[in-house]
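Novice: For reference, this is work36.cif, and it has mmCIF, C-alpha atoms.
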data_protein
loop_
_atom_site.label_atom_id
_atom_site.label_comp_id
_atom_site.auth_asym_id
_atom_site.auth_seq_id
_atom_site.Cartn_x
_atom_site.Cartn_y
_atom_site.Cartn_z
CA MET A 10 -78.59 -35.82 35.36
CA PHE A 11 -78.35 -37.65 38.66
CA THR A 12 -80.93 -39.30 40.92
CA PRO A 13 -80.08 -40.01 44.56
CA ARG A 14 -80.92 -43.45 45.91
CA ALA A 15 -82.59 -44.19 49.21
CA ASN A 16 -80.32 -44.10 52.23
CA THR A 17 -80.61 -47.74 53.37
CA ASP A 18 -76.96 -48.41 54.19
CA PRO A 19 -75.85 -46.99 57.57
CA LEU A 20 -72.52 -46.08 56.00
CA ASP A 21 -74.14 -44.48 52.94
CA GLY A 22 -73.54 -40.72 52.91
CA ARG A 23 -70.62 -40.86 55.33
CA PHE A 24 -68.17 -42.60 52.95
CA ASP A 25 -66.34 -44.18 55.92
CA GLN A 26 -64.92 -46.84 53.63
CA LEU A 27 -62.88 -44.21 51.73
CA ASP A 28 -59.69 -42.45 52.72
CA ARG A 29 -59.68 -38.73 53.57
CA SER A 30 -59.20 -37.49 49.99
CA GLY A 31 -61.84 -39.93 48.73
CA ARG A 32 -64.36 -38.71 51.30
CA ALA A 33 -63.64 -35.10 50.31
CA ILE A 34 -64.22 -35.81 46.61
CA ALA A 35 -67.36 -37.84 47.32
CA GLY A 36 -68.72 -35.08 49.53
CA MET A 37 -68.21 -32.49 46.79
CA ALA A 38 -69.96 -34.78 44.32
CA ARG A 39 -73.03 -34.90 46.56
CA ARG A 40 -73.14 -31.13 46.74
CA PRO A 41 -72.03 -29.89 43.32
CA VAL A 42 -72.39 -26.19 44.17
CA TRP A 43 -68.80 -25.91 45.41
CA PRO A 44 -67.13 -27.52 42.37
CA VAL A 45 -69.31 -25.40 40.09
CA LEU A 46 -68.51 -22.19 41.97
CA ALA A 47 -64.84 -23.16 41.84
CA MET A 48 -65.21 -23.66 38.08
CA VAL A 49 -66.83 -20.22 37.80
CA ALA A 50 -63.98 -18.65 39.77
CA LEU A 51 -61.39 -20.49 37.68
CA THR A 52 -63.05 -19.48 34.40
CA ALA A 53 -63.35 -15.86 35.47
CA GLY A 54 -59.73 -15.91 36.66
CA MET A 55 -58.53 -17.29 33.33
CA ALA A 56 -60.54 -14.62 31.50
CA TRP A 57 -58.98 -11.89 33.67
CA TRP A 58 -55.47 -13.24 33.05
CA PHE A 59 -56.16 -13.39 29.32
CA LEU A 60 -57.39 -9.78 29.27
CA MET A 61 -54.45 -8.55 31.35
CA SER A 62 -52.09 -10.40 29.02
CA MET A 63 -53.73 -8.66 26.05
CA ALA A 64 -53.35 -5.29 27.74
CA GLY A 65 -49.74 -6.05 28.68
CA SER A 66 -48.95 -7.00 25.09
CA VAL A 67 -50.40 -3.71 23.85
CA VAL A 68 -48.37 -1.74 26.40
CA ALA A 69 -45.19 -3.55 25.33
CA LEU A 70 -45.97 -3.00 21.66
CA GLN A 71 -46.96 0.65 21.95
CA GLY A 72 -44.36 1.59 24.53
CA THR A 73 -47.01 3.62 26.37
CA PRO A 74 -50.18 2.77 28.32
CA ARG A 75 -52.15 5.71 26.94
CA PRO A 76 -53.94 3.87 24.12
CA LEU A 77 -55.60 1.65 26.73
CA GLY A 78 -57.39 4.52 28.45
CA PRO A 79 -57.43 6.27 31.84
CA GLY A 80 -55.95 4.54 34.87
CA MET A 81 -53.76 2.10 32.97
CA SER A 82 -50.57 4.02 33.62
CA VAL A 83 -50.87 3.06 37.30
CA ILE A 84 -50.79 -0.70 36.71
CA SER A 85 -49.10 -0.98 33.31
CA ARG A 86 -45.80 -2.12 34.87
CA PHE A 87 -47.58 -5.02 36.61
CA LEU A 88 -49.35 -6.39 33.54
CA PRO A 89 -48.13 -9.79 32.28
CA VAL A 90 -46.40 -9.73 28.90
CA GLU A 91 -46.33 -13.01 26.99
CA PRO A 92 -44.90 -12.47 23.47
CA GLY A 93 -46.25 -14.94 20.95
CA SER A 94 -49.08 -16.12 23.23
CA PHE A 95 -52.68 -16.43 22.07
CA ALA A 96 -53.54 -13.28 24.04
CA ALA A 97 -50.73 -11.37 22.30
CA ILE A 98 -51.92 -12.55 18.88
CA ILE A 99 -55.50 -11.46 19.62
CA ALA A 100 -54.28 -8.10 20.93
CA ASP A 101 -52.20 -7.57 17.78
CA LEU A 102 -55.21 -8.36 15.57
CA CYS A 103 -57.37 -5.92 17.54
CA LEU A 104 -54.74 -3.23 17.10
CA SER A 105 -54.64 -3.86 13.35
CA GLY A 106 -57.79 -1.78 13.13
CA ASP A 107 -56.16 1.26 14.74
CA THR A 108 -56.18 3.28 11.53
CA GLY A 109 -59.69 2.25 10.60
CA ILE A 110 -61.29 -1.03 9.59
CA VAL A 111 -59.54 -2.65 6.63
CA LEU A 112 -61.92 -3.30 3.77
CA ALA A 113 -60.22 -6.50 2.61
CA SER A 114 -62.50 -9.33 3.75
CA GLY A 115 -59.73 -11.43 5.27
CA SER A 116 -58.37 -8.60 7.39
CA PHE A 117 -61.85 -7.49 8.40
CA LEU A 118 -62.85 -10.98 9.51
CA SER A 119 -59.62 -11.40 11.46
CA VAL A 120 -60.18 -8.14 13.34
CA ALA A 121 -63.84 -9.00 13.93
CA LEU A 122 -62.98 -12.45 15.30
CA ALA A 123 -60.30 -11.01 17.58
CA LEU A 124 -62.70 -8.40 18.93
CA PHE A 125 -65.33 -11.09 19.53
CA VAL A 126 -62.81 -13.15 21.53
CA MET A 127 -61.95 -10.06 23.56
CA TRP A 128 -65.60 -9.22 24.30
CA PHE A 129 -66.40 -12.82 25.23
CA ALA A 130 -63.46 -12.84 27.64
CA MET A 131 -64.66 -9.52 29.08
CA SER A 132 -68.18 -10.92 29.53
CA ALA A 133 -66.86 -14.01 31.31
CA ALA A 134 -64.50 -11.97 33.50
CA MET A 135 -67.05 -9.33 34.46
CA MET A 136 -70.35 -11.22 34.54
CA LEU A 137 -69.52 -14.73 35.81
CA PRO A 138 -68.59 -13.49 39.32
CA THR A 139 -71.95 -11.71 39.56
CA ALA A 140 -73.74 -14.94 38.57
CA ALA A 141 -72.40 -16.87 41.58
CA PRO A 142 -75.47 -16.11 43.79
CA MET A 143 -77.78 -17.35 41.02
CA ILE A 144 -75.79 -20.59 40.63
CA ARG A 145 -75.81 -21.15 44.39
CA THR A 146 -79.57 -20.58 44.56
CA TYR A 147 -80.14 -23.13 41.80
CA SER A 148 -77.92 -25.65 43.61
CA GLU A 149 -79.81 -25.18 46.87
CA ILE A 150 -83.15 -25.82 45.13
CA ALA A 151 -81.64 -28.81 43.33
CA ASP A 152 -80.31 -30.19 46.62
CA THR A 153 -83.78 -29.98 48.14
CA ALA A 154 -85.32 -31.69 45.11
CA ALA A 155 -82.66 -34.41 45.17
CA ALA A 156 -83.38 -35.08 48.86
CA ARG A 157 -86.97 -35.91 47.82
CA GLY A 158 -85.68 -38.44 45.32
CA GLU A 159 -86.22 -36.26 42.24
CA ALA A 160 -83.81 -36.21 39.32
CA VAL A 161 -82.01 -32.88 38.93
CA ILE A 162 -79.62 -31.43 36.36
CA HIS A 163 -76.09 -30.37 37.22
CA PRO A 164 -75.71 -26.59 37.74
CA ALA A 165 -72.95 -26.52 35.11
CA ILE A 166 -75.72 -26.76 32.48
CA LEU A 167 -77.38 -23.68 33.95
CA THR A 168 -74.06 -21.83 33.81
CA ALA A 169 -73.57 -22.88 30.18
CA GLY A 170 -76.96 -21.41 29.25
CA TYR A 171 -76.07 -18.19 31.06
CA LEU A 172 -72.76 -17.92 29.19
CA PHE A 173 -74.44 -18.67 25.86
CA VAL A 174 -76.44 -15.44 26.14
CA TRP A 175 -73.27 -13.47 26.82
CA THR A 176 -71.60 -15.17 23.85
CA LEU A 177 -74.34 -13.76 21.61
CA ALA A 178 -73.99 -10.40 23.38
CA ALA A 179 -70.26 -10.43 22.60
CA VAL A 180 -71.16 -10.58 18.91
CA GLY A 181 -73.36 -7.51 19.34
CA PHE A 182 -70.71 -5.56 21.25
CA MET A 183 -68.16 -6.47 18.60
CA LEU A 184 -70.41 -5.15 15.82
CA VAL A 185 -71.02 -1.90 17.69
CA GLN A 186 -67.29 -1.43 18.22
CA LEU A 187 -66.57 -2.08 14.55
CA ALA A 188 -69.25 0.39 13.52
CA ILE A 189 -67.87 3.11 15.79
CA ALA A 190 -64.31 2.48 14.56
CA ARG A 191 -65.54 2.67 10.97
CA ILE A 192 -67.40 5.97 11.59
CA THR A 193 -64.58 7.65 13.48
CA GLY A 194 -61.71 6.10 11.51
CA THR A 195 -59.77 5.63 14.74
CA SER A 196 -58.69 2.81 17.03
CA ALA A 197 -60.92 -0.21 17.35
CA THR A 198 -59.67 -0.78 20.89
CA GLY A 199 -58.68 2.60 22.32
CA PRO A 200 -61.00 5.02 24.11
CA VAL A 201 -63.68 6.69 21.99
CA GLN A 202 -63.31 10.46 22.09
CA GLY A 203 -65.54 13.51 22.06
CA VAL A 204 -69.23 13.55 21.27
CA ILE A 205 -69.52 9.82 20.57
CA ALA A 206 -67.95 8.95 23.93
CA GLY A 207 -70.30 11.40 25.63
CA MET A 208 -73.32 9.90 23.89
CA ILE A 209 -72.28 6.38 24.96
CA LEU A 210 -71.95 7.51 28.57
CA LEU A 211 -75.24 9.42 28.49
CA CYS A 212 -76.99 6.36 27.09
CA ALA A 213 -75.53 4.18 29.85
CA GLY A 214 -76.35 6.72 32.55
CA VAL A 215 -79.93 7.37 31.47
CA TYR A 216 -80.63 3.63 31.23
CA GLN A 217 -79.88 3.32 34.94
CA PHE A 218 -83.09 5.29 35.63
CA THR A 219 -85.42 3.30 33.36
CA SER A 220 -88.13 0.87 34.44
CA LEU A 221 -86.59 -1.86 32.25
CA LYS A 222 -83.32 -1.56 34.17
CA ALA A 223 -85.22 -1.78 37.46
CA ALA A 224 -87.18 -4.84 36.33
CA CYS A 225 -84.06 -6.68 35.12
CA LEU A 226 -82.15 -5.78 38.28
CA THR A 227 -85.00 -7.13 40.43
CA LYS A 228 -84.86 -10.44 38.57
CA CYS A 229 -81.08 -10.59 38.97
CA ARG A 230 -81.34 -9.90 42.69
CA ASN A 231 -84.04 -12.52 43.25
CA PRO A 232 -83.16 -15.56 41.14
CA PHE A 233 -85.10 -17.87 43.47
CA THR A 234 -88.45 -16.63 42.14
CA THR A 235 -87.62 -17.45 38.52
CA LEU A 236 -85.71 -20.65 39.22
CA PHE A 237 -88.36 -22.12 41.53
CA ALA A 238 -91.38 -21.08 39.47
CA ARG A 239 -89.87 -22.34 36.20
CA TRP A 240 -88.05 -25.38 37.58
CA LYS A 241 -86.96 -27.88 34.92
CA THR A 242 -85.76 -31.47 35.13
CA SER A 243 -84.36 -31.86 31.62
CA THR A 244 -80.97 -30.79 30.30
CA GLY A 245 -82.51 -28.59 27.61
CA GLY A 246 -84.91 -27.04 30.11
CA VAL A 247 -82.15 -26.12 32.56
CA PHE A 248 -80.03 -24.75 29.71
CA ARG A 249 -82.96 -22.52 28.68
CA LEU A 250 -83.41 -21.55 32.33
CA GLY A 251 -79.79 -20.41 32.34
CA MET A 252 -80.43 -18.48 29.14
CA GLU A 253 -83.41 -16.77 30.77
CA GLN A 254 -81.29 -15.69 33.71
CA GLY A 255 -78.62 -14.57 31.25
CA LEU A 256 -81.16 -12.41 29.43
CA TRP A 257 -82.19 -10.71 32.67
CA CYS A 258 -78.50 -10.12 33.42
CA LEU A 259 -77.90 -8.75 29.92
CA GLY A 260 -80.89 -6.44 30.30
CA CYS A 261 -79.42 -5.21 33.55
CA CYS A 262 -75.81 -4.73 32.44
CA TRP A 263 -75.58 -4.14 28.67
CA ALA A 264 -75.37 -0.36 29.02
CA LEU A 265 -72.67 -0.62 31.69
CA MET A 266 -70.65 -2.84 29.37
CA LEU A 267 -70.84 -0.16 26.67
CA ILE A 268 -68.92 2.18 28.99
CA MET A 269 -65.87 0.10 28.06
CA LEU A 270 -66.05 1.66 24.59
CA ALA A 271 -65.63 5.13 26.10
CA VAL A 272 -62.72 4.22 28.36
CA GLY A 273 -60.94 1.67 26.15
CA SER A 274 -62.04 -1.91 25.62
CA MET A 275 -58.76 -3.35 26.97
CA ASN A 276 -58.71 -1.15 30.05
CA VAL A 277 -58.57 -3.67 32.90
CA VAL A 278 -58.81 -0.91 35.52
CA TRP A 279 -62.28 0.04 34.33
CA MET A 280 -63.20 -3.62 33.86
CA ALA A 281 -62.46 -4.20 37.54
CA ALA A 282 -64.34 -1.05 38.58
CA LEU A 283 -67.45 -1.97 36.57
CA THR A 284 -67.32 -5.58 37.81
CA LEU A 285 -67.28 -4.34 41.41
CA PHE A 286 -70.09 -1.88 40.73
CA THR A 287 -72.22 -4.56 39.05
CA PHE A 288 -71.65 -7.01 41.90
CA LEU A 289 -72.61 -4.40 44.50
CA GLU A 290 -75.66 -3.42 42.44
CA LYS A 291 -76.89 -7.01 42.09
CA THR A 292 -76.28 -8.03 45.69
CA GLY A 293 -77.57 -4.82 47.26
CA THR A 294 -81.07 -3.55 47.91
CA GLY A 295 -82.90 -0.43 46.79
CA GLN A 296 -82.01 1.88 43.92
CA VAL A 297 -79.39 4.14 45.52
CA THR A 298 -76.35 2.44 43.97
CA THR A 299 -78.01 2.25 40.56
CA LYS A 300 -79.14 5.86 40.46
CA VAL A 301 -75.97 7.35 41.94
CA GLY A 302 -73.93 5.45 39.35
CA GLY A 303 -76.29 6.60 36.60
CA ALA A 304 -76.07 10.24 37.70
CA ILE A 305 -72.26 10.16 37.74
CA VAL A 306 -72.09 8.61 34.26
CA CYS A 307 -74.64 11.13 32.91
CA VAL A 308 -72.65 14.09 34.23
CA TRP A 309 -69.47 12.58 32.82
CA GLY A 310 -71.06 12.10 29.40
CA ALA A 311 -72.54 15.59 29.35
CA ALA A 312 -69.14 17.05 30.25
CA LEU A 313 -67.47 15.20 27.38
CA ILE A 314 -70.07 16.43 24.89
CA TRP A 315 -69.81 19.99 26.19
CA GLY A 316 -66.03 19.91 25.99
CA ALA A 317 -66.13 18.58 22.42
CA LEU A 318 -68.62 21.18 21.20
CA VAL A 319 -67.33 24.27 22.96
#
Mind turning the file's structure into structure tokens?
Specialist:
Amino acid sequence: MFTPRANTDPLDGRFDQLDRSGRAIAGMARRPVWPVLAMVALTAGMAWWFLMSMAGSVVALQGTPRPLGPGMSVISRFLPVEPGSFAAIIADLCLSGDTGIVLASGSFLSVALALFVMWFAMSAAMMLPTAAPMIRTYSEIADTAAARGEAVIHPAILTAGYLFVWTLAAVGFMLVQLAIARITGTSATGPVQGVIAGMILLCAGVYQFTSLKAACLTKCRNPFTTLFARWKTSTGGVFRLGMEQGLWCLGCCWALMLIMLAVGSMNVVWMAALTLFTFLEKTGTGQVTTKVGGAIVCVWGAALIWGALV
């Protein structure tokens, strides 16, 4: 928490007594939005590198990009491969469920933990970039409040609350993936096939047309309303405010995230495509993007079910 003091010194705010680098750092400290957005970009970038390293390790281990789903053959040669790295270890644990979930508790817990790490990285990589407008809006309100002499909480706390919701969501996605792998007896990371894949896509497509989706998307597009109306000046309050925004985001995007089960949960091509779609959906206006995307996914799901049954 920081409280600005009155501007009584003619040099205060200009930092003329500092050298160029000192003035730059001091200026960023006065307006924390840029360091926080840089932190968001860095975190998302690290998550993307981690996921690409996982995918590259799988390609190197399998000798073929096919287990990672459609589109991966195009970029498989450009994926980083880091044998023995943390990403490679997590990828290897995820692949240990390829013939079905092992019943031994130790093996099961190892696979479950690896899948959780993967889903959390996916959430950070795909959702943090779309949260940048919300973080900027909070910082602008905080800057106005600070100019009036009010104490405000650093936007990093808001971001932490937002990520906490997606951490819990990662647990849910992991459990769904384990359940599907247990039912089908196939890969815990590769694309789901046939009727189940079609049902996942139909579920995601139909949700795009629901009133709940529309309500959550409206909240995501207009964070100012929620942030201003429910403004908090305590660390816990801002953390809960971030959680609230995270819940609206989860309500908007959970079904889109499930599409990763149908195309392969380590498929970075589809991760990038869904990230771009989500960003355009949240920053746009109207329902055209949402409904066109929903219609395409519905047709895709219906085609998969038809092909599996005929």
Novice: Apply the PyMOL selection byres ((chain A and resi 275) around 9) to the displayed file and report the matching residues as an MDAnalysis selection string.
Specialist: chainID A and resid 60:61 63:64 67 77:78 100 127 131 198:199 269 272:274 276:280
Novice: Could you please determine the separation between CA of Gln186 (chain A) and CA of Leu137 (chain A) in Å, to one decimal place?
Specialist: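 Straight-line distance from CA of Gln186 (chain A) to CA of Leu137 (chain A) works out to 22.2 Å.
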Novice: Once the PyMOL selection byres ((chain A and resi 209) around 10) has been applied to the shown file, what residues remain in the selection, as a ChimeraX atom specification?
Specialist: /A:201,204-208,210-214,264-265,267-271,306-307,310
Novice: Please, what is the axis-aligned box for every listed atom of region 116-121 of chain A with 5 Å on each side, as centre and edge lengths in Å to one decimal, as lines of an AutoDock Vina configuration file?
Specialist:
center_x = -61.1
center_y = -9.4
center_z = 10.7
size_x = 15.5
size_y = 13.9
size_z = 16.5
Novice: Report the residues retrieved by the PyMOL selection byres ((chain A and resi 125) around 6) from the displayed file, expressed as a list in words.
Specialist: Leu122, Ala123, Leu124, Val126, Met127, Trp128, Ala179, Val180 and Met183 of chain A
Novice: Compare A:Thr242, A:Thr299, A:Ser119, A:Thr292 by their minimum atom-to-atom distance to Ile162 (chain A), counting all atoms listed in the file, and give me the closest one.
Specialist: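 Of the candidates, the smallest distance to Ile162 (chain A) is held by A:Thr242.
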Novice: Using all atoms listed in the file, pick whichever of A:Phe117, A:Leu289, A:Gln296, A:Val90 has the shortest atom-to-atom distance to Arg191 (chain A).
Specialist: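 Among the listed residues, A:Phe117 lies closest to Arg191 (chain A).
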Novice: Quick check, in Å to one decimal: how far apart do CA of Thr139 (chain A) and CA of Cys258 (chain A) lie?
Specialist: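 Interatomic distance, CA of Thr139 (chain A) to CA of Cys258 (chain A): 9.1 Å.
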Novice: At what distance in Å, to one decimal, does CA of Ala133 (chain A) lie from CA of Ile84 (chain A)?
Specialist: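 Distance between the two atoms: 21.6 Å.
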Novice: For Val301 (chain A), which residue out of A:Trp58, A:Trp257, A:Tyr147, A:Phe218 is the nearest one, using all atoms listed in the file?
Specialist: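 Ranked by minimum distance to Val301 (chain A), first place goes to A:Phe218.
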Novice: Which residue out of A:Gly65, A:Gly316, A:Gly295, A:Pro232 has the minimum interatomic distance to Pro92 (chain A) when only C-alpha atoms are used?
Specialist: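 Among the listed residues, the smallest separation from Pro92 (chain A) belongs to A:Gly65.
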Novice: Return the single residue from A:Pro89, A:Gly251, A:Gly158, A:Pro142 that is closest to Arg230 (chain A), with distances computed using all atoms listed in the file.
Specialist: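 So, comparing all the options, the nearest one is A:Pro142.
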Novice: Excluding same-chain residues fewer than 4 positions from region 164-174 of chain A, what lies within 6 Å of it counting only C-alpha atoms, as a PyMOL selection string?
Specialist: chain A and resi 247-248+251-252+255
Novice: Between A:Cys261, A:Ala141, A:Ala130, A:Ile150, single out the one closest to Arg239 (chain A), counting all atoms listed in the file.
Specialist: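 Checking each of A:Cys261, A:Ala141, A:Ala130, A:Ile150 against Arg239 (chain A), counting all atoms listed in the file, the winner is A:Ile150.
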